[in-house]
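Everything below belongs to query-v4.pdb, which stores PDB, C-alpha atoms.
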ATOM      1  CA  MET A   1      -2.072 -22.212 -77.896
ATOM      2  CA  GLY A   2       0.941 -20.477 -79.439
ATOM      3  CA  MET A   3       1.480 -16.751 -79.613
ATOM      4  CA  ALA A   4       3.865 -14.871 -81.892
ATOM      5  CA  VAL A   5       4.977 -11.331 -81.175
ATOM      6  CA  HIS A   6       6.894  -9.007 -83.463
ATOM      7  CA  CYS A   7       9.137  -6.255 -82.161
ATOM      8  CA  ASN A   8      11.223  -4.225 -84.601
ATOM      9  CA  SER A   9      10.725  -6.958 -87.213
ATOM     10  CA  ALA A  10      12.345  -9.546 -84.935
ATOM     11  CA  PRO A  11       9.870 -12.377 -84.268
ATOM     12  CA  LEU A  12       9.686 -13.651 -80.710
ATOM     13  CA  SER A  13       7.384 -16.320 -79.404
ATOM     14  CA  CYS A  14       5.965 -17.522 -76.144
ATOM     15  CA  LYS A  15       3.625 -20.371 -75.353
ATOM     16  CA  THR A  16       0.556 -20.624 -73.179
ATOM     17  CA  TRP A  17       0.707 -23.740 -71.057
ATOM     18  CA  ARG A  18      -2.805 -24.956 -70.439
ATOM     19  CA  ASN A  19      -3.275 -25.813 -66.757
ATOM     20  CA  ARG A  20       0.462 -25.542 -66.247
ATOM     21  CA  GLY A  21       0.770 -22.118 -64.661
ATOM     22  CA  PRO A  22       1.377 -18.659 -66.089
ATOM     23  CA  THR A  23       2.576 -17.633 -69.520
ATOM     24  CA  LEU A  24       6.243 -16.654 -69.821
ATOM     25  CA  LEU A  25       6.735 -13.553 -71.925
ATOM     26  CA  PRO A  26       9.933 -12.662 -73.853
ATOM     27  CA  ALA A  27      12.545 -11.052 -71.647
ATOM     28  CA  ARG A  28      13.649  -8.344 -74.062
ATOM     29  CA  LEU A  29      10.580  -7.717 -76.140
ATOM     30  CA  CYS A  30      10.460  -4.134 -74.923
ATOM     31  CA  SER A  31      14.018  -2.938 -75.298
ATOM     32  CA  LEU A  32      12.805   0.180 -77.088
ATOM     33  CA  PRO A  33      10.373   2.648 -75.539
ATOM     34  CA  GLN A  34       7.946   2.656 -78.454
ATOM     35  CA  THR A  35       7.149  -1.062 -78.346
ATOM     36  CA  PRO A  36       5.613  -1.989 -74.992
ATOM     37  CA  PHE A  37       3.810  -5.121 -73.910
ATOM     38  CA  SER A  38       0.071  -4.580 -73.778
ATOM     39  CA  PHE A  39      -2.365  -6.416 -71.498
ATOM     40  CA  ARG A  40      -6.149  -6.067 -71.552
ATOM     41  CA  SER A  41      -8.268  -7.219 -68.696
ATOM     42  CA  ASP A  42     -10.935  -8.824 -70.862
ATOM     43  CA  ALA A  43      -8.589 -11.130 -72.749
ATOM     44  CA  LEU A  44      -5.145 -10.958 -71.080
ATOM     45  CA  LYS A  45      -3.503 -11.300 -74.473
ATOM     46  CA  LEU A  46      -0.102  -9.990 -75.467
ATOM     47  CA  SER A  47       0.386  -7.385 -78.140
ATOM     48  CA  THR A  48       2.739  -4.571 -79.006
ATOM     49  CA  CYS A  49       1.737  -0.970 -79.495
ATOM     50  CA  ARG A  50       3.040   2.564 -79.880
ATOM     51  CA  TRP A  51       2.157   5.501 -77.686
ATOM     52  CA  ASP A  52       0.065   7.186 -80.372
ATOM     53  CA  LYS A  53      -1.720   4.248 -81.969
ATOM     54  CA  VAL A  54      -2.620   0.624 -81.713
ATOM     55  CA  ALA A  55      -0.005  -1.470 -83.480
ATOM     56  CA  SER A  56      -0.653  -4.026 -86.148
ATOM     57  CA  ALA A  57       1.290  -6.767 -84.345
ATOM     58  CA  VAL A  58      -1.186  -8.444 -82.008
ATOM     59  CA  ALA A  59      -0.507 -11.788 -80.416
ATOM     60  CA  SER A  60      -4.029 -13.178 -80.629
ATOM     61  CA  GLU A  61      -7.074 -13.331 -82.816
ATOM     62  CA  GLU A  62      -8.683 -10.688 -80.644
ATOM     63  CA  SER A  63      -8.764  -6.966 -81.294
ATOM     64  CA  ALA A  64      -5.806  -5.000 -79.994
ATOM     65  CA  VAL A  65      -5.601  -2.615 -77.060
ATOM     66  CA  GLY A  66      -8.752  -1.567 -75.246
ATOM     67  CA  SER A  67      -9.195   1.527 -73.143
ATOM     68  CA  SER A  68     -10.599   2.379 -69.745
ATOM     69  CA  SER A  69     -13.441   4.262 -71.424
ATOM     70  CA  SER A  70     -14.605   1.005 -73.033
ATOM     71  CA  GLY A  71     -14.658  -0.724 -69.661
ATOM     72  CA  THR A  72     -11.364  -2.556 -70.155
ATOM     73  CA  ASP A  73      -8.266  -1.942 -68.069
ATOM     74  CA  VAL A  74      -4.958  -1.947 -69.980
ATOM     75  CA  PHE A  75      -1.315  -2.277 -68.941
ATOM     76  CA  ASN A  76       1.342  -1.140 -71.449
ATOM     77  CA  LEU A  77       4.751  -2.172 -70.071
ATOM     78  CA  THR A  78       7.824  -0.640 -71.680
ATOM     79  CA  TYR A  79      11.225  -1.961 -70.616
ATOM     80  CA  LEU A  80      13.958   0.689 -70.525
ATOM     81  CA  GLU A  81      16.754  -1.770 -69.592
ATOM     82  CA  GLY A  82      18.339  -2.360 -66.203
ATOM     83  CA  ASN A  83      15.659  -1.860 -63.555
ATOM     84  CA  SER A  84      13.877   0.877 -65.512
ATOM     85  CA  TRP A  85      10.313   0.752 -66.826
ATOM     86  CA  LEU A  86       7.624   2.996 -68.212
ATOM     87  CA  TRP A  87       4.109   1.719 -67.512
ATOM     88  CA  ASP A  88       0.918   3.100 -69.008
ATOM     89  CA  ILE A  89      -2.026   1.825 -66.969
ATOM     90  CA  SER A  90      -5.209   2.902 -68.746
ATOM     91  CA  GLY A  91      -3.697   6.345 -69.258
ATOM     92  CA  VAL A  92      -1.788   6.628 -65.966
ATOM     93  CA  ARG A  93       1.913   6.765 -66.837
ATOM     94  CA  VAL A  94       4.355   5.541 -64.191
ATOM     95  CA  LEU A  95       8.133   5.824 -64.570
ATOM     96  CA  VAL A  96       9.930   3.169 -62.514
ATOM     97  CA  ASP A  97      13.533   3.279 -61.207
ATOM     98  CA  PRO A  98      14.775   5.314 -64.174
ATOM     99  CA  ILE A  99      18.415   5.283 -65.266
ATOM    100  CA  LEU A 100      18.295   7.528 -68.303
ATOM    101  CA  VAL A 101      21.181   9.984 -67.834
ATOM    102  CA  GLY A 102      24.766   8.758 -67.786
ATOM    103  CA  ASN A 103      26.062   5.398 -66.622
ATOM    104  CA  LEU A 104      25.322   3.402 -63.507
ATOM    105  CA  ASP A 105      28.424   3.537 -61.317
ATOM    106  CA  PHE A 106      27.293   4.029 -57.678
ATOM    107  CA  GLY A 107      29.735   6.952 -57.535
ATOM    108  CA  ILE A 108      32.710   4.558 -57.738
ATOM    109  CA  PRO A 109      33.259   3.878 -61.468
ATOM    110  CA  TRP A 110      36.553   2.070 -60.897
ATOM    111  CA  LEU A 111      34.594  -0.585 -59.007
ATOM    112  CA  TYR A 112      31.546  -0.785 -61.287
ATOM    113  CA  ASP A 113      30.539   1.148 -64.382
ATOM    114  CA  ALA A 114      27.630   0.012 -66.563
ATOM    115  CA  ALA A 115      25.936   1.389 -69.668
ATOM    116  CA  LYS A 116      22.765   0.294 -71.435
ATOM    117  CA  LYS A 117      23.134  -1.801 -74.552
ATOM    118  CA  PHE A 118      20.250  -0.424 -76.595
ATOM    119  CA  LEU A 119      19.002   2.925 -75.255
ATOM    120  CA  LYS A 120      22.324   4.667 -75.647
ATOM    121  CA  ASN A 121      20.844   7.867 -77.086
ATOM    122  CA  PHE A 122      17.629   7.984 -75.090
ATOM    123  CA  GLU A 123      17.050  11.305 -73.306
ATOM    124  CA  LEU A 124      14.659  12.491 -70.618
ATOM    125  CA  THR A 125      12.965  14.693 -73.179
ATOM    126  CA  ASP A 126      12.052  11.556 -75.116
ATOM    127  CA  LEU A 127       9.705  10.512 -72.317
ATOM    128  CA  PRO A 128       5.983  11.190 -72.628
ATOM    129  CA  GLN A 129       4.321  13.159 -69.846
ATOM    130  CA  VAL A 130       4.609  11.086 -66.671
ATOM    131  CA  ASP A 131       2.067  11.038 -63.832
ATOM    132  CA  CYS A 132       4.200   9.321 -61.197
ATOM    133  CA  LEU A 133       7.787   8.360 -60.442
ATOM    134  CA  LEU A 134       8.004   5.043 -58.595
ATOM    135  CA  ILE A 135      11.180   4.150 -56.672
ATOM    136  CA  THR A 136      11.686   0.667 -55.231
ATOM    137  CA  GLN A 137      15.068   1.003 -53.515
ATOM    138  CA  SER A 138      17.449   3.653 -52.246
ATOM    139  CA  LEU A 139      20.616   2.536 -54.039
ATOM    140  CA  ASP A 140      21.887   4.045 -57.273
ATOM    141  CA  ASP A 141      20.621   1.266 -59.550
ATOM    142  CA  HIS A 142      17.074   2.266 -58.563
ATOM    143  CA  CYS A 143      17.346   5.792 -57.181
ATOM    144  CA  HIS A 144      19.751   7.152 -59.803
ATOM    145  CA  LEU A 145      20.668  10.718 -58.928
ATOM    146  CA  LYS A 146      22.236  11.431 -62.327
ATOM    147  CA  THR A 147      18.758  10.915 -63.748
ATOM    148  CA  LEU A 148      16.620  12.196 -60.883
ATOM    149  CA  LYS A 149      18.326  15.589 -60.541
ATOM    150  CA  PRO A 150      17.590  16.742 -64.111
ATOM    151  CA  LEU A 151      14.164  15.065 -63.950
ATOM    152  CA  SER A 152      13.327  17.105 -60.848
ATOM    153  CA  GLU A 153      14.447  20.275 -62.610
ATOM    154  CA  MET A 154      12.091  19.450 -65.473
ATOM    155  CA  SER A 155       9.209  18.410 -63.212
ATOM    156  CA  PRO A 156       9.720  19.544 -59.592
ATOM    157  CA  ASN A 157       6.051  18.869 -58.755
ATOM    158  CA  LEU A 158       6.034  15.350 -60.216
ATOM    159  CA  ARG A 159       4.221  12.886 -57.984
ATOM    160  CA  VAL A 160       6.715  10.460 -56.446
ATOM    161  CA  ILE A 161       6.044   7.233 -54.557
ATOM    162  CA  ALA A 162       9.065   5.663 -52.924
ATOM    163  CA  THR A 163      10.602   3.606 -50.169
ATOM    164  CA  PRO A 164      11.266   5.664 -47.014
ATOM    165  CA  ASN A 165      14.904   4.592 -47.325
ATOM    166  CA  ALA A 166      15.230   7.033 -50.240
ATOM    167  CA  LYS A 167      13.947  10.046 -48.277
ATOM    168  CA  PRO A 168      17.388  11.707 -47.827
ATOM    169  CA  LEU A 169      17.910  11.527 -51.599
ATOM    170  CA  LEU A 170      14.446  12.507 -52.818
ATOM    171  CA  ASP A 171      13.394  15.247 -50.390
ATOM    172  CA  PRO A 172      15.938  17.762 -51.745
ATOM    173  CA  LEU A 173      14.724  17.127 -55.304
ATOM    174  CA  PHE A 174      10.950  16.701 -55.394
ATOM    175  CA  ARG A 175       8.099  18.534 -53.669
ATOM    176  CA  ASN A 176       5.395  15.888 -53.824
ATOM    177  CA  VAL A 177       6.771  12.627 -52.425
ATOM    178  CA  THR A 178       4.790   9.886 -50.691
ATOM    179  CA  TYR A 179       6.845   7.337 -48.765
ATOM    180  CA  LEU A 180       5.156   3.970 -48.354
ATOM    181  CA  GLU A 181       5.982   1.328 -45.781
ATOM    182  CA  PRO A 182       5.065  -2.270 -46.722
ATOM    183  CA  GLY A 183       1.304  -2.623 -46.484
ATOM    184  CA  GLN A 184       0.600   1.060 -47.099
ATOM    185  CA  GLU A 185      -0.918   2.280 -50.352
ATOM    186  CA  SER A 186      -1.497   5.470 -52.297
ATOM    187  CA  GLU A 187      -3.488   6.547 -55.339
ATOM    188  CA  VAL A 188      -2.193   8.194 -58.518
ATOM    189  CA  GLU A 189      -4.514  10.107 -60.840
ATOM    190  CA  ALA A 190      -3.815  11.069 -64.447
ATOM    191  CA  GLU A 191      -5.152  14.121 -66.265
ATOM    192  CA  ASN A 192      -7.737  11.905 -67.966
ATOM    193  CA  GLY A 193      -9.212  11.036 -64.576
ATOM    194  CA  SER A 194      -7.924   7.456 -64.494
ATOM    195  CA  LYS A 195      -6.639   6.371 -61.083
ATOM    196  CA  VAL A 196      -4.410   3.504 -60.036
ATOM    197  CA  ARG A 197      -3.659   2.208 -56.562
ATOM    198  CA  ILE A 198      -0.085   1.403 -55.606
ATOM    199  CA  GLN A 199       0.547  -0.749 -52.549
ATOM    200  CA  ALA A 200       4.024  -1.279 -51.120
ATOM    201  CA  THR A 201       5.285  -4.759 -50.278
ATOM    202  CA  ALA A 202       8.420  -5.847 -48.435
ATOM    203  CA  GLY A 203      11.519  -6.248 -50.598
ATOM    204  CA  PRO A 204      15.159  -6.987 -49.715
ATOM    205  CA  VAL A 205      17.017  -5.695 -46.668
ATOM    206  CA  LEU A 206      20.144  -3.986 -48.057
ATOM    207  CA  GLY A 207      22.061  -3.573 -44.851
ATOM    208  CA  PRO A 208      21.999  -4.852 -41.270
ATOM    209  CA  PRO A 209      19.055  -7.103 -40.318
ATOM    210  CA  TRP A 210      17.362  -4.344 -38.329
ATOM    211  CA  GLN A 211      17.210  -2.000 -41.320
ATOM    212  CA  ARG A 212      13.869  -1.269 -42.970
ATOM    213  CA  PRO A 213      13.342  -3.410 -46.100
ATOM    214  CA  GLU A 214      13.225  -1.832 -49.517
ATOM    215  CA  ASN A 215       9.965  -1.950 -51.470
ATOM    216  CA  GLY A 216       8.186  -4.026 -54.030
ATOM    217  CA  TYR A 217       4.805  -2.861 -55.323
ATOM    218  CA  LEU A 218       1.372  -4.119 -56.257
ATOM    219  CA  VAL A 219      -0.201  -1.869 -58.899
ATOM    220  CA  ILE A 220      -3.979  -2.129 -59.253
ATOM    221  CA  SER A 221      -5.628  -0.914 -62.460
ATOM    222  CA  PRO A 222      -8.348   1.787 -62.403
ATOM    223  CA  GLN A 223     -11.304  -0.607 -62.367
ATOM    224  CA  GLY A 224      -9.530  -3.243 -60.314
ATOM    225  CA  GLN A 225      -9.529  -5.698 -63.208
ATOM    226  CA  LEU A 226      -5.751  -6.254 -63.315
ATOM    227  CA  THR A 227      -2.982  -6.286 -60.724
ATOM    228  CA  LEU A 228       0.757  -6.141 -61.451
ATOM    229  CA  TYR A 229       3.522  -7.072 -59.022
ATOM    230  CA  TYR A 230       7.041  -5.700 -59.324
ATOM    231  CA  GLU A 231      10.154  -6.196 -57.192
ATOM    232  CA  PRO A 232      13.496  -6.048 -59.042
ATOM    233  CA  HIS A 233      15.565  -8.454 -56.898
ATOM    234  CA  CYS A 234      13.079 -11.346 -56.655
ATOM    235  CA  VAL A 235      13.218 -10.996 -52.876
ATOM    236  CA  TYR A 236       9.881 -11.047 -51.116
ATOM    237  CA  ASN A 237       8.106 -11.734 -47.833
ATOM    238  CA  LYS A 238       6.110 -14.914 -48.359
ATOM    239  CA  ASP A 239       3.816 -14.317 -45.391
ATOM    240  CA  PHE A 240       2.936 -10.873 -46.729
ATOM    241  CA  LEU A 241       2.316 -11.928 -50.318
ATOM    242  CA  GLU A 242       0.307 -15.092 -49.677
ATOM    243  CA  LYS A 243      -2.701 -12.872 -48.971
ATOM    244  CA  GLU A 244      -2.292 -11.097 -52.334
ATOM    245  CA  HIS A 245      -2.610 -11.965 -56.013
ATOM    246  CA  ALA A 246      -1.210 -10.527 -59.236
ATOM    247  CA  ASP A 247      -2.188 -11.222 -62.834
ATOM    248  CA  ILE A 248       1.199  -9.988 -64.093
ATOM    249  CA  VAL A 249       4.513 -10.542 -62.295
ATOM    250  CA  ILE A 250       7.646  -8.702 -63.409
ATOM    251  CA  THR A 251      10.707 -10.345 -61.902
ATOM    252  CA  PRO A 252      14.323 -11.237 -62.646
ATOM    253  CA  VAL A 253      14.726 -14.939 -63.356
ATOM    254  CA  ILE A 254      18.521 -15.137 -63.801
ATOM    255  CA  LYS A 255      20.406 -14.951 -60.516
ATOM    256  CA  GLN A 256      23.306 -12.515 -60.088
ATOM    257  CA  LEU A 257      25.852 -13.819 -57.604
ATOM    258  CA  LEU A 258      28.921 -12.509 -55.828
ATOM    259  CA  PRO A 259      31.142 -14.932 -53.906
ATOM    260  CA  ASN A 260      29.014 -16.010 -50.915
ATOM    261  CA  PHE A 261      26.330 -13.393 -51.618
ATOM    262  CA  THR A 262      23.241 -13.236 -53.832
ATOM    263  CA  LEU A 263      22.766  -9.816 -55.414
ATOM    264  CA  VAL A 264      19.632 -10.711 -57.365
ATOM    265  CA  SER A 265      17.607 -13.873 -56.987
ATOM    266  CA  GLY A 266      15.573 -15.725 -59.616
ATOM    267  CA  GLN A 267      15.044 -19.226 -61.037
ATOM    268  CA  GLU A 268      13.230 -21.346 -58.412
ATOM    269  CA  ASP A 269      12.501 -18.257 -56.284
ATOM    270  CA  ALA A 270      10.802 -16.606 -59.264
ATOM    271  CA  VAL A 271       8.783 -19.772 -59.884
ATOM    272  CA  GLN A 272       7.602 -19.783 -56.276
ATOM    273  CA  LEU A 273       6.788 -16.068 -56.471
ATOM    274  CA  ALA A 274       4.544 -16.585 -59.491
ATOM    275  CA  LYS A 275       2.885 -19.543 -57.805
ATOM    276  CA  LEU A 276       2.355 -17.585 -54.598
ATOM    277  CA  LEU A 277       0.624 -14.745 -56.447
ATOM    278  CA  HIS A 278      -1.360 -17.027 -58.824
ATOM    279  CA  ALA A 279       0.135 -15.119 -61.759
ATOM    280  CA  LYS A 280      -1.250 -15.452 -65.270
ATOM    281  CA  PHE A 281       1.799 -13.857 -66.915
ATOM    282  CA  ILE A 282       5.476 -13.619 -65.975
ATOM    283  CA  VAL A 283       7.605 -10.885 -67.550
ATOM    284  CA  PRO A 284      11.239 -11.925 -66.936
ATOM    285  CA  MET A 285      13.706  -9.074 -66.472
ATOM    286  CA  LYS A 286      17.345  -9.289 -67.480
ATOM    287  CA  ASN A 287      18.424  -6.419 -65.243
ATOM    288  CA  GLY A 288      22.048  -7.567 -65.219
ATOM    289  CA  ASP A 289      22.286  -7.439 -69.011
ATOM    290  CA  LEU A 290      24.341  -4.246 -69.281
ATOM    291  CA  ASP A 291      27.703  -3.303 -70.784
ATOM    292  CA  SER A 292      29.653  -3.272 -67.525
ATOM    293  CA  LYS A 293      33.269  -2.993 -66.464
ATOM    294  CA  GLY A 294      35.256  -2.675 -63.259
ATOM    295  CA  PHE A 295      36.327  -5.098 -60.545
ATOM    296  CA  LEU A 296      32.818  -5.814 -59.280
ATOM    297  CA  ALA A 297      31.577  -6.540 -62.786
ATOM    298  CA  SER A 298      34.376  -9.070 -63.244
ATOM    299  CA  ILE A 299      33.299 -11.196 -60.268
ATOM    300  CA  ILE A 300      29.505 -11.111 -60.688
ATOM    301  CA  GLN A 301      28.297 -14.462 -61.994
ATOM    302  CA  GLY A 302      24.932 -15.297 -63.512
ATOM    303  CA  GLU A 303      23.138 -18.495 -62.599
ATOM    304  CA  GLY A 304      20.352 -20.001 -64.672
ATOM    305  CA  THR A 305      18.816 -19.047 -68.000
ATOM    306  CA  ILE A 306      15.445 -18.123 -69.384
ATOM    307  CA  GLU A 307      15.204 -21.685 -70.714
ATOM    308  CA  SER A 308      15.903 -23.272 -67.331
ATOM    309  CA  PHE A 309      13.316 -20.980 -65.798
ATOM    310  CA  LYS A 310      10.773 -22.180 -68.369
ATOM    311  CA  VAL A 311      11.511 -25.765 -67.377
ATOM    312  CA  ASN A 312      11.070 -24.934 -63.692
ATOM    313  CA  SER A 313       7.843 -23.109 -64.477
ATOM    314  CA  PHE A 314       6.218 -26.350 -65.609
ATOM    315  CA  THR A 315       6.073 -27.341 -61.948
ATOM    316  CA  LEU A 316       3.470 -24.623 -61.389
ATOM    317  CA  SER A 317      -0.053 -25.860 -61.006
TER     318      SER A 317
END

Whole structure given in structure tokens:
Amino acid sequence: MGMAVHCNSAPLSCKTWRNRGPTLLPARLCSLPQTPFSFRSDALKLSTCRWDKVASAVASEESAVGSSSSGTDVFNLTYLEGNSWLWDISGVRVLVDPILVGNLDFGIPWLYDAAKKFLKNFELTDLPQVDCLLITQSLDDHCHLKTLKPLSEMSPNLRVIATPNAKPLLDPLFRNVTYLEPGQESEVEAENGSKVRIQATAGPVLGPPWQRPENGYLVISPQGQLTLYYEPHCVYNKDFLEKEHADIVITPVIKQLLPNFTLVSGQEDAVQLAKLLHAKFIVPMKNGDLDSKGFLASIIQGEGTIESFKVNSFTLS
């Protein structure tokens, strides 16, 4: 069965492979904040929508977005480039690893300095009201202080869920922070009464082997009908995840490599991740697709493509 999706008048397509594993969704469908992916639990179809209304572009013969009040859980996934997302889960809005103010430079712009390609004029005030800030890692490409400082001034009581590795950075900024170790979970409630559960999983170790791993997350919809998995480096603990499942997996699929070191995994590792979690849909991130400069940017190499990932995905059963 074929599906066609329209985003800003640019047609994109993806194909459902019957009995051949999960559906691969377009990597950059959601480059703009007003056109998110939409998933409903009763049909698991892809559509696009705006915050204030159901859009006309629906990728199936079914009706468009449902709501929690009608008994259907919904994920709206808006890609904000890099590692940044805005998720609306049946009315619970979660802002993930935001980089929305200034460039990404890790405090050393001569070494690496990156800007977004599309959201150049996006501002914090353009965000809708957010119920939770979700932080996966403690480094600047996830815990971006240029963004988090003004965000905390706007919303000092914002609910935050984060890796404990980010505690020294987040404690001075926010008053309501929950730090989750892998295996721990917390609940987020929106003003409309909808609640989602967020469970931490083990991500990459960004330091010596004895250091605590960073986090991935399983996000469970209000009625438990849908589960999303997110970890932005495609690094995961197989033993931990084999007991879990996720309908939707967001993961990088193109590797980012330094000489003798993998910054971001993907390709066959992303295929195995989707297989491990019995995913129905894969949303491939292109988190290295930024306008970057500096010495580090000049030696980072990409490995694999979306197309090669599609080929590998046919090995899923």

Find the spatial neighbours of A:His144, counting only C-alpha atoms, within a cut-off of 10 Å - ignore same-chain residues fewer than 6 positions away - and output them as number ranges by chain.
A: 97-106, 135, 137-138, 169

Starting from the shown file, work through the PyMOL selection byres ((chain A and resi 286) around 10) and note down what comes out as a PyMOL selection string.
chain A and resi 27-28+81-83+232+251-255+283-285+287-290+305-306

A straight line from atom CA of A:Leu173 to atom CA of A:Val96 spans 16.4 Å

Could you name the residues that touch A:Leu226 at 8 Å or less, counting only C-alpha atoms, but leaving out those on the same chain fewer than 6 positions away, as a VMD selection string?
chain A and resid 41 73 to 74 220 246 to 248

Figure out the distance between atom CA of A:Gln129 and atom CA of A:Ala190, please, to one decimal in Å.
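That distance, rounded to one decimal, is 10.0 Å.
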
Could you pull out every residue with an atom within 12 Å of (18.0, 8.9, -78.1), file coordinates, counting all atoms listed in the file, and send them as a PyMOL selection string?
chain A and resi 32-34+80+100-101+116+118-127

Identify all residues satisfying the PyMOL selection byres ((chain A and resi 133) around 7) in the given file; provide them as a ChimeraX atom specification.
/A:94-96,132,134-135,159-161

At what distance in Å, to one decimal, does atom CA of A:Val249 lie from atom CA of A:Leu277?
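These atoms are spaced 8.2 Å apart.
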
Which residue is closest to A:Ser221? Choose from A:Glu307, A:Asp269, A:Asp88, A:Asp131 and count all atoms listed in the file.
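Smallest separation from A:Ser221 among the options: A:Asp88.
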
Using 6 Å as the limit and counting only C-alpha atoms, can you tabulate each residue of stretch 124-227 of chain A that touches stretch 233-237 of chain A, with its shortest atom-to-atom distance in Å and the two atoms involved, as JSON lines?
{"residue": "A:Ala202", "atom": "CA", "partner": "A:Asn237", "partner_atom": "CA", "distance": 5.9}
{"residue": "A:Gly203", "atom": "CA", "partner": "A:Tyr236", "partner_atom": "CA", "distance": 5.1}
{"residue": "A:Pro204", "atom": "CA", "partner": "A:Val235", "partner_atom": "CA", "distance": 5.5}

Let's have the selection written as a CSV table (one decimal), keeping the file's coordinate frame, with C-alpha atoms.
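Final output, result-v8.csv:
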chain,number,residue,atom,x,y,z
A,202,ALA,CA,8.4,-5.8,-48.4
A,203,GLY,CA,11.5,-6.2,-50.6
A,204,PRO,CA,15.2,-7.0,-49.7

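Distance annotation: of A:Val264, A:Lys310, A:Val219, A:Pro150, the residue with the minimal separation from A:Val188 is A:Val219; atom set is only C-alpha atoms.
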
Starting from the PyMOL selection byres ((chain A and resi 217) around 8), expand the selection into actual residues of this file and give them as a count of residues only.
12

Within 9 Å of A:Lys238, counting only C-alpha atoms, which residues qualify if same-chain residues fewer than 3 places away don't, as an NGL selection string?
:A and (241-242 or 273 or 276)

Expected file: the selected residues, C-alpha atoms, as a short mmCIF file (atom, residue, chain, number, x, y, z; two decimals), in the frame of the given file:
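Output file result-v7.cif is given in full below:
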data_model
loop_
_atom_site.label_atom_id
_atom_site.label_comp_id
_atom_site.auth_asym_id
_atom_site.auth_seq_id
_atom_site.Cartn_x
_atom_site.Cartn_y
_atom_site.Cartn_z
CA LEU A 241 2.32 -11.93 -50.32
CA GLU A 242 0.31 -15.09 -49.68
CA LEU A 273 6.79 -16.07 -56.47
CA LEU A 276 2.36 -17.58 -54.60
#

Of the listed residues A:Asn165, A:Val196, A:Pro209, A:Glu153, that which approaches A:Gly224 most closely, counting all atoms listed in the file
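Closest candidate: A:Val196.
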
For stretch 148-172 of chain A of the structure just presented, write C-alpha atoms to a file, as a PDB file, in the first residue's frame.
ATOM      1  CA  LEU A 148      17.603  26.882  28.112  1.00  0.00           C
ATOM      2  CA  LYS A 149      18.565  30.088  29.937  1.00  0.00           C
ATOM      3  CA  PRO A 150      15.960  32.296  28.218  1.00  0.00           C
ATOM      4  CA  LEU A 151      13.456  29.417  28.307  1.00  0.00           C
ATOM      5  CA  SER A 152      13.878  29.185  32.081  1.00  0.00           C
ATOM      6  CA  GLU A 153      13.350  32.931  32.389  1.00  0.00           C
ATOM      7  CA  MET A 154      10.100  32.576  30.455  1.00  0.00           C
ATOM      8  CA  SER A 155       8.968  29.458  32.325  1.00  0.00           C
ATOM      9  CA  PRO A 156      10.964  28.886  35.540  1.00  0.00           C
ATOM     10  CA  ASN A 157       8.392  26.358  36.808  1.00  0.00           C
ATOM     11  CA  LEU A 158       8.337  24.318  33.591  1.00  0.00           C
ATOM     12  CA  ARG A 159       8.372  20.591  34.262  1.00  0.00           C
ATOM     13  CA  VAL A 160      11.713  19.119  33.197  1.00  0.00           C
ATOM     14  CA  ILE A 161      12.696  15.468  32.819  1.00  0.00           C
ATOM     15  CA  ALA A 162      16.367  14.844  32.194  1.00  0.00           C
ATOM     16  CA  THR A 163      19.424  12.671  32.529  1.00  0.00           C
ATOM     17  CA  PRO A 164      21.144  13.091  35.920  1.00  0.00           C
ATOM     18  CA  ASN A 165      24.286  14.019  33.984  1.00  0.00           C
ATOM     19  CA  ALA A 166      22.657  17.385  33.225  1.00  0.00           C
ATOM     20  CA  LYS A 167      21.953  18.230  36.880  1.00  0.00           C
ATOM     21  CA  PRO A 168      24.775  20.822  37.229  1.00  0.00           C
ATOM     22  CA  LEU A 169      23.396  22.654  34.183  1.00  0.00           C
ATOM     23  CA  LEU A 170      19.667  22.439  34.884  1.00  0.00           C
ATOM     24  CA  ASP A 171      19.440  22.961  38.650  1.00  0.00           C
ATOM     25  CA  PRO A 172      20.448  26.645  38.446  1.00  0.00           C
TER      26      PRO A 172
END
